[in-house]
Amino acid sequence: MSNKLSLDVISQEQQLLSQEVDMVLVPSMTGQIGILPGHISLFASLEAGELILTSGTRNEVFAITGGFLDVNQNQVTVLADSAIRAEDIDINKVEEAKKRAQEAMKDKSSEKDFKLAEADLRKAILELKVAKRRRHSTLAF
């Protein structure tokens, strides 16, 4: 049995990552799941949250907005609706997106527009949380 996981993180736009890691933490619909080498096969729905991977003493964090997880024989695939590395998040840009979403929600032009703005707001809040956490603390497990 290998002591590493082969991880692929794929969003609708692109493949973000393909590398070996020691551990993966994902936000599933039933709570956070930790994946280590030798994990049983698993297919799960993911919710919005932090995807955290550990390789040696290094942690890498992504903000994801849902998707699916597939684990099979130390191969882990995360198919995310959207995903962005914490260090790639532009806080100023996300703050602006948050303000636009809040304004759009106040408009109340249609239920569909409200729901879209609400989704944009949730995504912005998640990205801000991930970016600020990364900048103000060190993840330790």
# chains A, B, ... in the order shown; residues from 1 in each chain; ligands from 1
>>> residues_around(residues="Gln19 of chain A", least_positions_apart="4", cutoff="10 Å", atoms="only C-alpha atoms", output="list in words")
Lys4, Leu5, Ser6, Leu7, Asp8, Val9 and Ser55 of chain A
>>> write_last_selection(atoms="N, CA and C atoms", output="compact mmCIF listing (two decimals), in the first residue's frame")
# COMPACT_ATOMS: atom_id res chain seq x y z
N LYS A 4 1.05 7.58 -0.07
CA LYS A 4 0.64 8.86 -0.66
C LYS A 4 -0.69 8.68 -1.39
N LEU A 5 -1.37 9.79 -1.56
CA LEU A 5 -2.59 9.84 -2.37
C LEU A 5 -2.26 10.58 -3.66
N SER A 6 -2.84 10.14 -4.74
CA SER A 6 -2.74 10.87 -6.00
C SER A 6 -3.99 11.72 -6.11
N LEU A 7 -3.84 13.03 -6.06
CA LEU A 7 -4.98 13.95 -6.00
C LEU A 7 -5.10 14.76 -7.28
N ASP A 8 -6.32 14.82 -7.81
CA ASP A 8 -6.66 15.70 -8.93
C ASP A 8 -7.78 16.61 -8.47
N VAL A 9 -7.61 17.91 -8.64
CA VAL A 9 -8.66 18.90 -8.36
C VAL A 9 -9.02 19.54 -9.68
N SER A 55 0.80 18.01 2.33
CA SER A 55 1.91 17.30 1.71
C SER A 55 3.15 17.61 2.54
>>> residues_around(residues="Arg134 of chain A", least_positions_apart="6", cutoff="12 Å", atoms="only C-alpha atoms", output="NGL selection string")
:A and (50 or 52 or 59-63 or 85-89 or 91 or 127-128 or 140)
>>> atom_distance(atom1="atom CA of Ala104 of chain A", atom2="atom CA of Ile125 of chain A")
15.3 Å
>>> residues_around(residues="Ile40 of chain A", least_positions_apart="2", cutoff="12 Å", atoms="only C-alpha atoms", output="list in words")
Gly34, Ile35, Leu36, Pro37, Gly38, Leu42, Phe43, Asp70, Val71, Asn72, Gln73, Asn74, Gln75 and Val76 of chain A
>>> atom_distance(atom1="atom CA of Phe68 of chain A", atom2="atom CA of Ala119 of chain A")
18.2 Å
>>> select_by_dssp(residues="segment 58-123 of chain A", states="strand (DSSP E or B)", output="list in words")
Arg58, Asn59, Glu60, Val61, Phe62, Ala63, Ile64, Thr65, Gly66, Gly67, Phe68, Leu69, Asp70, Val71, Asn72, Gln75, Val76, Thr77, Val78, Leu79, Ala80, Ala83, Ile84 and Arg85 of chain A
>>> select_by_dssp(residues="chain A", states="alpha helix (DSSP H)", output="PyMOL selection string")
chain A and resi 91-107+111-136
